[in-house]
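Data block below; observations after.
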Amino acid sequence: MRYEIFRDHVKLSKLGLGAMRLPQTEPGFAKPIDVPKARELIDYCMAQGVNYYDTAYIYHGGNFEVVLGQALSGYPRDSYYVADKFNVQANPDYRLQFREQRTRLGMEYIDFYMLHGVTDLTVQAYEQCGCIPFFQEQKRLGHIRYLGFSFHGTPACLRELLKKNGWDFVQIQLNYYDWFEGTAKEQYEILREHGIPIMVMEPDHGGMLANLPEECLRLLPSGGGSPAAWALRFVMQLPGVAVVLSGMSDMEQTKDNVATAASGQRLSDEEISRLKQISGMLRKKIAVPCTACRYCCDNCPQGLDIPSLLSAYNEYRDDAATLGKPEMAAWRLLRLKALPENKQPAACIGCGSCTAHCPQALEIPKYLQEMAALLQ
Ligand code: SF4
Ligand code: SF4
């Protein structure tokens, strides 16, 4: 395994296990966890030198925290690092949630603690609930070692957040598709400017880059490993990236991830340009090509943040297309529930003013209607 030195003294494995996709006994949303298989994966990772394990309060209703805590309890506490997250939408009582998490994990302290999934839409809820000073205090008390946030918002929102508090690290969605076609590169550069270590989530864009369509597969040079390995290699070679999380759900995938992380094989300029071409091809398949120009916003009588809503819709559609099961991808929209009701997709009155002002002529009310139905 290769390691990065985090903040001058913590040796973190380049690959981290994301507990969000630990094996279940059958496919489907929140089916029972296959505990023996999950423990086998965790034991394998520990044996291979993976020392970073990421979970969250909401993953599998907290059960992944329990399984992770039990699996790691057989190892010395200083041989691994656990990352966990506070979710304001799940329960704004941050004191209670933090207490519950340590109980579920069976741990006195959490190494890496985050505000979960901060976006332009949820940032206020995190800032106003009072959790940030509380978690800073928990850090002083030794119950948290490093404090950060996981982020799904715009670069402007990221800049604002970095101005207001000192953060030890930030977790962002970073993969070659979002680098070439989204704002991941800009977010990465902002964090580099601030000298903040980066944890990477979704290195294969929720599975999209591990399951490339045939025309994209033909562009991958031979001998570079699986499509998932190409995606991992792209992010692992970026300076400043401390840990790359992979949501591992079976042994074959885990072995592939571990081998890729151990090899440290770098991409050539030619190979990177192939990944850029693939991104362009995938982009054409994206459901709603909103450019976030915001021309629609001033004319919406409901004052909806249309580009942010459409961004959530695109994530949902990406996952739905990859999985082939729209109902399983609907969790992508759950963060919208944090919005006041009059700012949620269901508040759209279908006046069509947005479409009239949209340079892309997007049928916005249709997408909002679909989202509202899924959220119900
Ligand atoms: S159709 Fe909906 S989103 Fe578009 S301007 Fe009217 S209320 Fe706003
Ligand atoms: S006007 Fe169209 S492209 Fe621009 S932000 Fe609104 S929906 Fe997106």
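Every chain in the structure tokens takes a letter, A first, then B, and so on in the order presented; its residues are numbered from 1, and the ligands are numbered from 1 following the presented order.
For Gln101 (chain A), the set of protein, DNA and RNA residues having any atom at most 8 Å away, when counting only C-alpha atoms and skipping those fewer than 4 positions along the same chain, is Tyr57, Gly62, Glu65, Gln97 and Leu105 of chain A.
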Go ahead and save the residues from that selection, with N, CA and C atoms, as a PDB file, in the first residue's frame.
ATOM      1  N   TYR A  57     -23.484   8.851   9.735  1.00  0.00           N
ATOM      2  CA  TYR A  57     -24.646   8.602  10.595  1.00  0.00           C
ATOM      3  C   TYR A  57     -25.793   7.971   9.812  1.00  0.00           C
ATOM      4  N   GLY A  62     -27.361   3.898  10.241  1.00  0.00           N
ATOM      5  CA  GLY A  62     -26.387   3.800  11.343  1.00  0.00           C
ATOM      6  C   GLY A  62     -25.800   2.412  11.501  1.00  0.00           C
ATOM      7  N   GLU A  65     -22.095   2.014  10.866  1.00  0.00           N
ATOM      8  CA  GLU A  65     -21.220   2.447  11.970  1.00  0.00           C
ATOM      9  C   GLU A  65     -21.003   1.277  12.932  1.00  0.00           C
ATOM     10  N   GLN A  97     -26.609  13.257  18.152  1.00  0.00           N
ATOM     11  CA  GLN A  97     -26.094  12.479  17.017  1.00  0.00           C
ATOM     12  C   GLN A  97     -24.636  12.075  17.253  1.00  0.00           C
ATOM     13  N   LEU A 105     -20.144   3.158  17.145  1.00  0.00           N
ATOM     14  CA  LEU A 105     -18.793   2.734  16.746  1.00  0.00           C
ATOM     15  C   LEU A 105     -18.078   2.016  17.889  1.00  0.00           C
TER      16      LEU A 105
END
Site check for ligand 2: residues at most 12 Å away, only C-alpha atoms and all ligand atoms, as JSON, numbers by chain: {"A": [288, 289, 290, 291, 292, 293, 294, 295, 296, 297, 298, 299, 300, 304, 305, 306, 307, 308, 309, 310, 311, 313, 314, 352, 353, 354, 355, 356, 357, 358, 359, 360, 361, 362, 363, 364, 365, 366, 367, 368]}
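Proximity ranking of A:Gly303, A:Cys129, A:Lys285, A:Tyr81 relative to Lys11 (chain A) places A:Tyr81 first, based on only C-alpha atoms.
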Nearby residues (only C-alpha atoms) at most 12 Å from region 331-343 of chain A, same-chain spacing under 6 positions excluded, as a PyMOL selection string: chain A and resi 29-30+58-60+87-92+116-126+152-153+206+300-306+308-320+325+349+368+370-376
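Computed from the coordinates, the CA of Asp8 (chain A) to CA of Tyr80 (chain A) distance equals 17.0 Å.
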